[in-house]
Amino acid sequence: MSVRSLFQGKSPRSDSGASGDLAGVIGPEDTQKRLEVLEDIEQAGIGWLWASDADGRLIYLTDGAREKLGKERGELLGKPIVELFETDPDNPDGATQRPLNFQLKAHNKLNDLVVRFADGKSRHDVKQTWWSITAHPKFDRGGKFCGYRGHAKDVTVEYERKIIDTKLAEYDSLTGLANRHYMNKRLESILAAYRSAKRSCALMMLDLDKFKQVNDTMGHPAGDSVLVQAAERLRAIVGDRGEIGRLGGDEFQIILPDLDDRGTLGEMAEKIIKIVSQPYPIEDEKRAVIGTSVGIAIAPYDGVDREELVKASDLALYSAKNGGRGQFRFYHADLKDEEEERQELLDDLREALAQGDLELNYQPVVRATDNTVVCLEALMRWHHEERGFVSPGVFIPVAEESDLIIQMGEWALRQACDDAKQWPSTVRVAVNVSAVQFAHKGFPETVANVLAQSGLDPDRLELELTESVFLGDTDAAEVTFKTLKGLGVRLALDDFGTGYSSLSYLRSAPFDKIKVDRSFVDSCTEQEKNSAKIIAAIVGLSNALSMETTVEGVEAFDQLKVVRDKGASLIQGWLYAKAMPQEKILELIQSGEFKIEPEGPDTHRRERRSMFRRIGIIHDDHHYRAVIRDLSTTGARIDGIAGVPIGTPLVLDLGSGQLVVCEVTRSTDAMIAVEFETPLVSDGAGGLVTRHRVSPYALAAAGMPLTSLPQGSYPMERMHGAATSKPQFLEVQVGHG
């Protein structure tokens with residue numbers, strides 16, 4: 001078919017109002033001239049003409065266009081246009097384009113619509129052809145659609161250049177991940193679409209702990225290598241479940257659509273922390289050791305728009321870092337501006353050191369064969385007049401980000417050596433050394449000065465180090481090790497078994513002791529775990545290397561039996577004693593031979609949290625107030641509700657949309673014990689939360705405004721109307737006593 005045959009003769013009414021017989025309206029000569037002009041345009045390649053019928057099939061295409069596609073007439077004409085062409089879902093202009101099929105069926109005018117020649121092939125094929133098409137729909141006199149008439153041009157070169165420019169503008173050139181601009185746009189788009197569809201979306205924020213040290217000690221090329229490898233690890237973990245972006249520096253963001261299960265999210269965060277924290281090979285056989293912390297927020301529970309959700313995940317990340325790094329946190333409404341809180345904590349810590357408000361407590365390390373104390377580990381303690389007891393896991397990371405850790409470390413070293421002078425000569429003192437402190441050039445000299453001033457025998461001082469001391473300049477680390485051993489002090493490798501390259505460290509570093517991390521002891525009595533075998537392997541390794549082994553974290557007699565059977569030479573844990581002040585240590589020493597007999601539970605059981613937490617209890621259509629006294633992953637002890645028969649199904653309202661289905665297993669007076677239908681999961685901060693929460697969409701349906709989930713209880717009458725039956729149980733007022 002030629003353009004002449006297509007347009008000659010009767011022509012139906014168009015949408016512009018032109019009608020009837022073209023030859024009759026404008027005259028044969030004018031028609032002829034127009035057809036000649038169109039043919040000249042086609043032959044010159046200035047533009048291509050195309051037409052479709054009412055069913056959307058291609059019925060005409062300029063020969064030049066067909067030849068450009070490398071197709072025969074029969075391969076194109078008569079085929080549905082939507083099988084031959086498609087719009088670009090990743091339009092570089094940023095505008096969301098509706099599918100071509102939708103636009104054609106709407107019978108709207110097409111203006112410079114960019115389409116790809118698909119021909120049944122994936123848009124990920126190497127060779128792409130992009131056209132810009134413009135067309136008007138044609139209708140007959142009765143208003144019936146007859147098809148499209150239009151023109152097209154090849155825009156492949158321009159469009160691919162635009163795609164490349166967009167990629168450069170929206171993707172990080174170093175890692176290949178999306179950049180901040182793209183992630184902001186993508187998150188905004190997802191949340192807008194999900195709001196109307198009532199769907200959830202999780203957002204993870206993470207940054208690399210101690211990454212600055214890599215740049216400072218190993219150089220920026222090493223830092224770039226770490227970023228590239230970290231991005232690859234994140235891709236392997238996340239896969240097609242979400243989108244990953246690098247926001248800049250060492251900050252990363254992960255968008256996880258349709259995921260609100262906090263158990264699954266917590267497991268993913270733990271996996272990210274574990275995998276990203278593995279050592280990174282760098283040039284010249286060096287290794288960089290970093291870590292990561294993760295903050296998690298979930299829409300619509302923690303925010304319904306981008307700004308809310310990003311702020312919530314940022315606060316959760318700061319909370320994770322403030323908790324000691326290498327951790328994850330879910331957002332909750334109690335989180336403050338952690339950046340401001342961190343600075344206040346640092347200022348208070350400086351003042352505490354200057355005022356002498358820090359103190360050392362000592363936890364005994366006993367000989368497994370006869371329970372004799374052979375070492376005391378110095379542990380820093382800080383009691384703040386307003387904050388109360390501040391965990392070292394909170395204030396030590398804050399100090400490590402400033403020069404304060406150097407001063408604190410020197411103070412602890414001096415105080416521990418002075419205290420140890422008052423102990424029997426057979427008892428050593430162990431002092432933890434920060435990686436920042438170890439890397440300081442003056443550290444060996446500080447140790448030498450402290451030993452000289454205290455008069456302590458160097459063999460009685462044990463410096464506990466973690467694998468992080470090997471970060472950076474390995475040559476400098478070797479010099480420091482050699483100098484310290486020259487002083488005669490002992491060296492212990494702490495948290496052994498939790499890293500990924502400890503064996504390589506043992507080849508070169510002159511350690512006298514290995515400390516088995518408590519995480520293996522926690523599960524050493526569980527048959528399905530391999531922890532007992534790992535403890536045995538570590539003990540065998542240390543024996544082969546003529547090193548001592550301390551197993552820490554022993555809290556029950558069944559654990560003690562396992563570690564003794566596996567050959568541990570030294571044991572540390574609450575079964576013997578918690579950390580004590582110097583005064584208590586001196587009392588024990590003065591009482592006679594320095595031995596401590598183990599005392600504690602026969603069997604270790606997973607931690608059960610004691611608390612006083614007001615909650616709601618839902619039964620039928622009534623909401624009762626009560627108090628949780630004990631909480632575990634599988635159940636709870638509750639005070640404040642009487643007359644509840646065993647076997648009664650209840651729903652606990654833990655606040656902030658957390659509802660737990662459970663059944664009463666014990667009932668005495670105003671106390672009940674319940675077992676959960678679905679176990680709770682970790683919140684990353686030592687607490688427990690439900691996997692899922694009541695959706696704000698459900699609350700909105702009950703008449704509440706659609707906002708991120710507010711704090712408090714959501715009794716059934718708020719969601720489903722007022723109660724219609726009499727309450728079956730009695731509420732009893734409960735106090736803190």
# chains A, B, ... in the order shown; residues from 1 in each chain; ligands from 1

call {"tool": "select_by_dssp", "arguments": {"residues": "segment 513-662 of chain A", "states": "helix (DSSP H, G or I)", "output": "VMD selection string"}}
result
chain A and resid 518 to 522 531 to 544 557 to 565 582 to 590

call {"tool": "residues_around", "arguments": {"residues": "Glu267 of chain A", "least_positions_apart": "6", "cutoff": "10 Å", "atoms": "only C-alpha atoms", "output": "ChimeraX atom specification"}}
result
/A:273,328,681-682

call {"tool": "write_last_selection", "arguments": {"atoms": "C-alpha atoms", "output": "mmCIF file, in the first residue's frame"}}
result
data_model
loop_
_atom_site.group_PDB
_atom_site.id
_atom_site.type_symbol
_atom_site.label_atom_id
_atom_site.label_comp_id
_atom_site.auth_asym_id
_atom_site.auth_seq_id
_atom_site.Cartn_x
_atom_site.Cartn_y
_atom_site.Cartn_z
ATOM 1 C CA ILE A 273 25.717 -6.414 59.697
ATOM 2 C CA PHE A 328 20.057 -2.558 64.228
ATOM 3 C CA VAL A 681 10.971 -10.854 67.757
ATOM 4 C CA SER A 682 13.965 -8.740 68.764
#

call {"tool": "closest_atom_pairs", "arguments": {"of": "segment 265-351 of chain A", "to": "segment 653-661 of chain A", "cutoff": "9 Å", "atoms": "only C-alpha atoms", "output": "JSON lines"}}
result
{"residue": "A:Tyr301", "atom": "CA", "partner": "A:Gly657", "partner_atom": "CA", "distance": 8.5}
{"residue": "A:His332", "atom": "CA", "partner": "A:Ser656", "partner_atom": "CA", "distance": 8.8}
{"residue": "A:Ala333", "atom": "CA", "partner": "A:Ser656", "partner_atom": "CA", "distance": 8.9}

call {"tool": "write_last_selection", "arguments": {"atoms": "C-alpha atoms", "output": "short mmCIF file (atom, residue, chain, number, x, y, z; two decimals), in the first residue's frame"}}
result
data_model
loop_
_atom_site.label_atom_id
_atom_site.label_comp_id
_atom_site.auth_asym_id
_atom_site.auth_seq_id
_atom_site.Cartn_x
_atom_site.Cartn_y
_atom_site.Cartn_z
CA TYR A 301 3.46 2.76 60.66
CA HIS A 332 9.81 4.07 67.73
CA ALA A 333 8.22 7.30 68.79
#

call {"tool": "closest_residue", "arguments": {"among": "A:Asp558, A:Glu478, A:Glu67, A:Asp630", "to": "Val674 of chain A", "atoms": "only C-alpha atoms"}}
result
A:Asp630

call {"tool": "closest_residue", "arguments": {"among": "A:Leu256, A:Pro281, A:Leu461, A:Ala299", "to": "Arg195 of chain A", "atoms": "only C-alpha atoms"}}
result
A:Ala299

call {"tool": "residues_around", "arguments": {"residues": "Asn184 of chain A", "least_positions_apart": "5", "cutoff": "9 Å", "atoms": "only C-alpha atoms", "output": "ChimeraX atom specification"}}
result
/A:179,189,306

call {"tool": "select_by_dssp", "arguments": {"residues": "segment 200-352 of chain A", "states": "strand (DSSP E or B)", "output": "count of residues only"}}
result
40

call {"tool": "residues_around", "arguments": {"residues": "Lys167 of chain A", "least_positions_apart": "6", "cutoff": "10 Å", "atoms": "only C-alpha atoms", "output": "mmCIF file with N, CA, C and O atoms, in the first residue's frame"}}
result
data_model
loop_
_atom_site.group_PDB
_atom_site.id
_atom_site.type_symbol
_atom_site.label_atom_id
_atom_site.label_comp_id
_atom_site.auth_asym_id
_atom_site.auth_seq_id
_atom_site.Cartn_x
_atom_site.Cartn_y
_atom_site.Cartn_z
ATOM 1 N N PRO A 92 13.620 8.462 30.968
ATOM 2 C CA PRO A 92 14.636 9.323 31.585
ATOM 3 C C PRO A 92 14.154 10.728 31.893
ATOM 4 O O PRO A 92 14.789 11.448 32.656
ATOM 5 N N ARG A 161 21.357 8.900 24.401
ATOM 6 C CA ARG A 161 22.208 9.883 25.068
ATOM 7 C C ARG A 161 21.512 10.391 26.332
ATOM 8 O O ARG A 161 22.136 10.593 27.370
ATOM 9 N N SER A 173 28.766 6.807 40.388
ATOM 10 C CA SER A 173 29.756 6.340 39.421
ATOM 11 C C SER A 173 30.726 5.326 40.026
ATOM 12 O O SER A 173 31.285 4.497 39.306
ATOM 13 N N GLY A 176 27.981 2.070 41.245
ATOM 14 C CA GLY A 176 26.922 1.679 40.317
ATOM 15 C C GLY A 176 25.552 1.643 40.956
ATOM 16 O O GLY A 176 24.559 1.343 40.282
ATOM 17 N N ALA A 178 22.163 3.340 42.838
ATOM 18 C CA ALA A 178 21.413 4.587 42.669
ATOM 19 C C ALA A 178 21.933 5.630 43.654
ATOM 20 O O ALA A 178 22.414 5.293 44.746
ATOM 21 N N ASN A 179 21.836 6.911 43.280
ATOM 22 C CA ASN A 179 22.299 7.966 44.175
ATOM 23 C C ASN A 179 21.139 8.559 44.974
ATOM 24 O O ASN A 179 19.997 8.110 44.866
ATOM 25 N N TYR A 182 18.029 9.823 42.915
ATOM 26 C CA TYR A 182 17.141 8.770 42.414
ATOM 27 C C TYR A 182 16.363 8.128 43.562
ATOM 28 O O TYR A 182 15.160 7.873 43.437
#

call {"tool": "closest_residue", "arguments": {"among": "A:Lys311, A:Lys198, A:His619, A:Arg180", "to": "Asp258 of chain A", "atoms": "only C-alpha atoms"}}
result
A:Lys198

call {"tool": "residues_around", "arguments": {"residues": "Val436 of chain A", "least_positions_apart": "5", "cutoff": "8 Å", "atoms": "only C-alpha atoms", "output": "PyMOL selection string"}}
result
chain A and resi 400+405-406+469

call {"tool": "write_last_selection", "arguments": {"atoms": "N, CA and C atoms", "output": "PDB file, in the first residue's frame"}}
result
ATOM      1  N   GLU A 400      35.141   6.930  71.414  1.00  0.00           N
ATOM      2  CA  GLU A 400      36.042   6.523  70.333  1.00  0.00           C
ATOM      3  C   GLU A 400      35.965   7.461  69.134  1.00  0.00           C
ATOM      4  N   ILE A 405      38.785   9.004  74.121  1.00  0.00           N
ATOM      5  CA  ILE A 405      39.082   7.592  74.407  1.00  0.00           C
ATOM      6  C   ILE A 405      40.542   7.410  74.812  1.00  0.00           C
ATOM      7  N   ILE A 406      41.437   8.242  74.287  1.00  0.00           N
ATOM      8  CA  ILE A 406      42.858   8.151  74.650  1.00  0.00           C
ATOM      9  C   ILE A 406      43.027   8.494  76.126  1.00  0.00           C
ATOM     10  N   VAL A 469      41.984  -3.979  66.081  1.00  0.00           N
ATOM     11  CA  VAL A 469      43.292  -3.330  66.203  1.00  0.00           C
ATOM     12  C   VAL A 469      44.144  -3.574  64.962  1.00  0.00           C
TER      13      VAL A 469
END

call {"tool": "closest_residue", "arguments": {"among": "A:Asp216, A:Glu731, A:Glu526, A:Glu86", "to": "Asp669 of chain A", "atoms": "only C-alpha atoms"}}
result
A:Glu731

call {"tool": "residues_around", "arguments": {"residues": "Gln229 of chain A", "least_positions_apart": "6", "cutoff": "10 Å", "atoms": "only C-alpha atoms", "output": "count of residues only"}}
result
6

call {"tool": "residues_around", "arguments": {"residues": "Thr426 of chain A", "least_positions_apart": "5", "cutoff": "10 Å", "atoms": "only C-alpha atoms", "output": "JSON, numbers by chain"}}
result
{"A": [373, 374, 375, 460, 594]}

call {"tool": "atom_distance", "arguments": {"atom1": "atom CA of Pro392 of chain A", "atom2": "atom CA of Met205 of chain A"}}
result
24.3 Å

call {"tool": "closest_atom_pairs", "arguments": {"of": "segment 126-225 of chain A", "to": "segment 61-66 of chain A", "cutoff": "9 Å", "atoms": "only C-alpha atoms", "output": "tab-separated table"}}
result
residue	atom	partner	partner_atom	distance
A:Ala152	CA	A:Ala65	CA	8.7
A:Lys153	CA	A:Ala65	CA	8.4
A:Asp154	CA	A:Ala65	CA	8.6

call {"tool": "decode", "arguments": {"residues": "segment 569-618 of chain A", "atoms": "N, CA and C atoms", "output": "PDB file, in the first residue's frame"}}
result
ATOM      1  N   SER A 569      40.442 -23.735  80.189  1.00  0.00           N
ATOM      2  CA  SER A 569      41.328 -23.611  81.345  1.00  0.00           C
ATOM      3  C   SER A 569      40.879 -22.523  82.307  1.00  0.00           C
ATOM      4  N   LEU A 570      40.276 -21.465  81.783  1.00  0.00           N
ATOM      5  CA  LEU A 570      39.832 -20.349  82.607  1.00  0.00           C
ATOM      6  C   LEU A 570      38.375 -20.020  82.281  1.00  0.00           C
ATOM      7  N   ILE A 571      37.624 -19.604  83.311  1.00  0.00           N
ATOM      8  CA  ILE A 571      36.192 -19.349  83.143  1.00  0.00           C
ATOM      9  C   ILE A 571      35.837 -18.013  83.776  1.00  0.00           C
ATOM     10  N   GLN A 572      34.928 -17.304  83.105  1.00  0.00           N
ATOM     11  CA  GLN A 572      34.478 -16.000  83.576  1.00  0.00           C
ATOM     12  C   GLN A 572      32.972 -15.913  83.356  1.00  0.00           C
ATOM     13  N   GLY A 573      32.237 -15.398  84.330  1.00  0.00           N
ATOM     14  CA  GLY A 573      30.794 -15.269  84.143  1.00  0.00           C
ATOM     15  C   GLY A 573      30.068 -15.074  85.446  1.00  0.00           C
ATOM     16  N   TRP A 574      28.781 -14.770  85.334  1.00  0.00           N
ATOM     17  CA  TRP A 574      27.976 -14.469  86.511  1.00  0.00           C
ATOM     18  C   TRP A 574      27.800 -15.669  87.440  1.00  0.00           C
ATOM     19  N   LEU A 575      28.032 -16.869  86.947  1.00  0.00           N
ATOM     20  CA  LEU A 575      27.925 -18.036  87.820  1.00  0.00           C
ATOM     21  C   LEU A 575      28.942 -17.929  88.960  1.00  0.00           C
ATOM     22  N   TYR A 576      30.037 -17.243  88.701  1.00  0.00           N
ATOM     23  CA  TYR A 576      31.048 -17.009  89.742  1.00  0.00           C
ATOM     24  C   TYR A 576      30.867 -15.640  90.386  1.00  0.00           C
ATOM     25  N   ALA A 577      30.783 -14.612  89.581  1.00  0.00           N
ATOM     26  CA  ALA A 577      30.606 -13.271  90.151  1.00  0.00           C
ATOM     27  C   ALA A 577      30.389 -12.264  89.040  1.00  0.00           C
ATOM     28  N   LYS A 578      29.627 -11.225  89.377  1.00  0.00           N
ATOM     29  CA  LYS A 578      29.541 -10.074  88.489  1.00  0.00           C
ATOM     30  C   LYS A 578      30.717  -9.146  88.799  1.00  0.00           C
ATOM     31  N   ALA A 579      30.869  -8.126  87.994  1.00  0.00           N
ATOM     32  CA  ALA A 579      31.938  -7.161  88.244  1.00  0.00           C
ATOM     33  C   ALA A 579      31.687  -6.448  89.570  1.00  0.00           C
ATOM     34  N   MET A 580      32.773  -6.246  90.351  1.00  0.00           N
ATOM     35  CA  MET A 580      32.655  -5.668  91.696  1.00  0.00           C
ATOM     36  C   MET A 580      33.618  -4.498  91.849  1.00  0.00           C
ATOM     37  N   PRO A 581      33.302  -3.553  92.737  1.00  0.00           N
ATOM     38  CA  PRO A 581      34.244  -2.459  93.009  1.00  0.00           C
ATOM     39  C   PRO A 581      35.467  -2.971  93.775  1.00  0.00           C
ATOM     40  N   GLN A 582      36.502  -2.157  93.798  1.00  0.00           N
ATOM     41  CA  GLN A 582      37.756  -2.547  94.452  1.00  0.00           C
ATOM     42  C   GLN A 582      37.541  -2.908  95.919  1.00  0.00           C
ATOM     43  N   GLU A 583      36.652  -2.188  96.601  1.00  0.00           N
ATOM     44  CA  GLU A 583      36.419  -2.464  98.025  1.00  0.00           C
ATOM     45  C   GLU A 583      35.941  -3.896  98.244  1.00  0.00           C
ATOM     46  N   LYS A 584      35.038  -4.362  97.387  1.00  0.00           N
ATOM     47  CA  LYS A 584      34.518  -5.723  97.508  1.00  0.00           C
ATOM     48  C   LYS A 584      35.602  -6.749  97.196  1.00  0.00           C
ATOM     49  N   ILE A 585      36.443  -6.457  96.222  1.00  0.00           N
ATOM     50  CA  ILE A 585      37.543  -7.358  95.873  1.00  0.00           C
ATOM     51  C   ILE A 585      38.482  -7.519  97.066  1.00  0.00           C
ATOM     52  N   LEU A 586      38.820  -6.416  97.719  1.00  0.00           N
ATOM     53  CA  LEU A 586      39.734  -6.472  98.872  1.00  0.00           C
ATOM     54  C   LEU A 586      39.122  -7.260 100.024  1.00  0.00           C
ATOM     55  N   GLU A 587      37.790  -7.157 100.203  1.00  0.00           N
ATOM     56  CA  GLU A 587      37.119  -7.940 101.255  1.00  0.00           C
ATOM     57  C   GLU A 587      37.251  -9.433 100.978  1.00  0.00           C
ATOM     58  N   LEU A 588      37.054  -9.833  99.710  1.00  0.00           N
ATOM     59  CA  LEU A 588      37.173 -11.245  99.354  1.00  0.00           C
ATOM     60  C   LEU A 588      38.592 -11.746  99.566  1.00  0.00           C
ATOM     61  N   ILE A 589      39.568 -10.909  99.237  1.00  0.00           N
ATOM     62  CA  ILE A 589      40.970 -11.307  99.394  1.00  0.00           C
ATOM     63  C   ILE A 589      41.316 -11.488 100.872  1.00  0.00           C
ATOM     64  N   GLN A 590      40.821 -10.575 101.703  1.00  0.00           N
ATOM     65  CA  GLN A 590      41.140 -10.629 103.130  1.00  0.00           C
ATOM     66  C   GLN A 590      40.459 -11.795 103.841  1.00  0.00           C
ATOM     67  N   SER A 591      39.434 -12.368 103.229  1.00  0.00           N
ATOM     68  CA  SER A 591      38.702 -13.462 103.874  1.00  0.00           C
ATOM     69  C   SER A 591      39.468 -14.777 103.837  1.00  0.00           C
ATOM     70  N   GLY A 592      40.585 -14.822 103.100  1.00  0.00           N
ATOM     71  CA  GLY A 592      41.364 -16.055 103.040  1.00  0.00           C
ATOM     72  C   GLY A 592      41.834 -16.342 101.635  1.00  0.00           C
ATOM     73  N   GLU A 593      41.907 -17.636 101.299  1.00  0.00           N
ATOM     74  CA  GLU A 593      42.363 -18.025  99.969  1.00  0.00           C
ATOM     75  C   GLU A 593      41.403 -17.457  98.924  1.00  0.00           C
ATOM     76  N   PHE A 594      41.966 -16.875  97.854  1.00  0.00           N
ATOM     77  CA  PHE A 594      41.142 -16.157  96.879  1.00  0.00           C
ATOM     78  C   PHE A 594      40.493 -17.145  95.911  1.00  0.00           C
ATOM     79  N   LYS A 595      39.407 -17.778  96.402  1.00  0.00           N
ATOM     80  CA  LYS A 595      38.622 -18.689  95.578  1.00  0.00           C
ATOM     81  C   LYS A 595      37.165 -18.236  95.576  1.00  0.00           C
ATOM     82  N   ILE A 596      36.463 -18.537  94.506  1.00  0.00           N
ATOM     83  CA  ILE A 596      35.029 -18.225  94.416  1.00  0.00           C
ATOM     84  C   ILE A 596      34.303 -19.476  93.946  1.00  0.00           C
ATOM     85  N   GLU A 597      33.383 -19.953  94.765  1.00  0.00           N
ATOM     86  CA  GLU A 597      32.605 -21.125  94.385  1.00  0.00           C
ATOM     87  C   GLU A 597      31.449 -20.695  93.474  1.00  0.00           C
ATOM     88  N   PRO A 598      31.175 -21.481  92.443  1.00  0.00           N
ATOM     89  CA  PRO A 598      30.063 -21.116  91.547  1.00  0.00           C
ATOM     90  C   PRO A 598      28.721 -21.203  92.256  1.00  0.00           C
ATOM     91  N   GLU A 599      27.831 -20.267  91.929  1.00  0.00           N
ATOM     92  CA  GLU A 599      26.508 -20.238  92.543  1.00  0.00           C
ATOM     93  C   GLU A 599      25.532 -19.643  91.539  1.00  0.00           C
ATOM     94  N   GLY A 600      24.466 -20.400  91.245  1.00  0.00           N
ATOM     95  CA  GLY A 600      23.505 -19.903  90.280  1.00  0.00           C
ATOM     96  C   GLY A 600      22.540 -20.993  89.846  1.00  0.00           C
ATOM     97  N   PRO A 601      21.808 -20.782  88.764  1.00  0.00           N
ATOM     98  CA  PRO A 601      20.803 -21.757  88.309  1.00  0.00           C
ATOM     99  C   PRO A 601      21.455 -23.025  87.737  1.00  0.00           C
ATOM    100  N   ASP A 602      20.705 -24.123  87.824  1.00  0.00           N
ATOM    101  CA  ASP A 602      21.208 -25.388  87.280  1.00  0.00           C
ATOM    102  C   ASP A 602      21.268 -25.361  85.760  1.00  0.00           C
ATOM    103  N   THR A 603      20.266 -24.756  85.160  1.00  0.00           N
ATOM    104  CA  THR A 603      20.202 -24.745  83.689  1.00  0.00           C
ATOM    105  C   THR A 603      20.057 -23.325  83.181  1.00  0.00           C
ATOM    106  N   HIS A 604      20.645 -23.086  82.033  1.00  0.00           N
ATOM    107  CA  HIS A 604      20.532 -21.779  81.388  1.00  0.00           C
ATOM    108  C   HIS A 604      19.261 -21.750  80.560  1.00  0.00           C
ATOM    109  N   ARG A 605      18.539 -20.656  80.651  1.00  0.00           N
ATOM    110  CA  ARG A 605      17.383 -20.498  79.789  1.00  0.00           C
ATOM    111  C   ARG A 605      17.401 -19.104  79.181  1.00  0.00           C
ATOM    112  N   ARG A 606      16.800 -19.045  78.035  1.00  0.00           N
ATOM    113  CA  ARG A 606      16.785 -17.778  77.318  1.00  0.00           C
ATOM    114  C   ARG A 606      16.246 -16.664  78.211  1.00  0.00           C
ATOM    115  N   GLU A 607      16.788 -15.504  78.009  1.00  0.00           N
ATOM    116  CA  GLU A 607      16.485 -14.385  78.878  1.00  0.00           C
ATOM    117  C   GLU A 607      14.993 -14.070  78.921  1.00  0.00           C
ATOM    118  N   ARG A 608      14.498 -13.921  80.144  1.00  0.00           N
ATOM    119  CA  ARG A 608      13.133 -13.447  80.346  1.00  0.00           C
ATOM    120  C   ARG A 608      13.223 -12.073  80.994  1.00  0.00           C
ATOM    121  N   ARG A 609      12.553 -11.120  80.422  1.00  0.00           N
ATOM    122  CA  ARG A 609      12.692  -9.739  80.863  1.00  0.00           C
ATOM    123  C   ARG A 609      11.659  -9.402  81.932  1.00  0.00           C
ATOM    124  N   SER A 610      12.164  -8.960  83.082  1.00  0.00           N
ATOM    125  CA  SER A 610      11.268  -8.476  84.133  1.00  0.00           C
ATOM    126  C   SER A 610      10.972  -7.004  83.857  1.00  0.00           C
ATOM    127  N   MET A 611       9.750  -6.597  84.110  1.00  0.00           N
ATOM    128  CA  MET A 611       9.368  -5.226  83.780  1.00  0.00           C
ATOM    129  C   MET A 611       8.101  -4.834  84.521  1.00  0.00           C
ATOM    130  N   PHE A 612       7.744  -3.577  84.405  1.00  0.00           N
ATOM    131  CA  PHE A 612       6.452  -3.083  84.863  1.00  0.00           C
ATOM    132  C   PHE A 612       5.930  -2.239  83.711  1.00  0.00           C
ATOM    133  N   ARG A 613       5.093  -2.839  82.906  1.00  0.00           N
ATOM    134  CA  ARG A 613       4.645  -2.181  81.668  1.00  0.00           C
ATOM    135  C   ARG A 613       3.135  -2.272  81.564  1.00  0.00           C
ATOM    136  N   ARG A 614       2.483  -1.140  81.512  1.00  0.00           N
ATOM    137  CA  ARG A 614       1.024  -1.124  81.418  1.00  0.00           C
ATOM    138  C   ARG A 614       0.595  -1.463  79.991  1.00  0.00           C
ATOM    139  N   ILE A 615      -0.372  -2.370  79.882  1.00  0.00           N
ATOM    140  CA  ILE A 615      -0.853  -2.812  78.579  1.00  0.00           C
ATOM    141  C   ILE A 615      -2.376  -2.898  78.608  1.00  0.00           C
ATOM    142  N   GLY A 616      -2.947  -3.244  77.478  1.00  0.00           N
ATOM    143  CA  GLY A 616      -4.371  -3.520  77.394  1.00  0.00           C
ATOM    144  C   GLY A 616      -4.592  -4.992  77.076  1.00  0.00           C
ATOM    145  N   ILE A 617      -5.703  -5.514  77.523  1.00  0.00           N
ATOM    146  CA  ILE A 617      -6.085  -6.894  77.205  1.00  0.00           C
ATOM    147  C   ILE A 617      -7.461  -6.861  76.563  1.00  0.00           C
ATOM    148  N   ILE A 618      -7.582  -7.463  75.401  1.00  0.00           N
ATOM    149  CA  ILE A 618      -8.846  -7.473  74.664  1.00  0.00           C
ATOM    150  C   ILE A 618      -9.459  -8.865  74.752  1.00  0.00           C
TER     151      ILE A 618
END
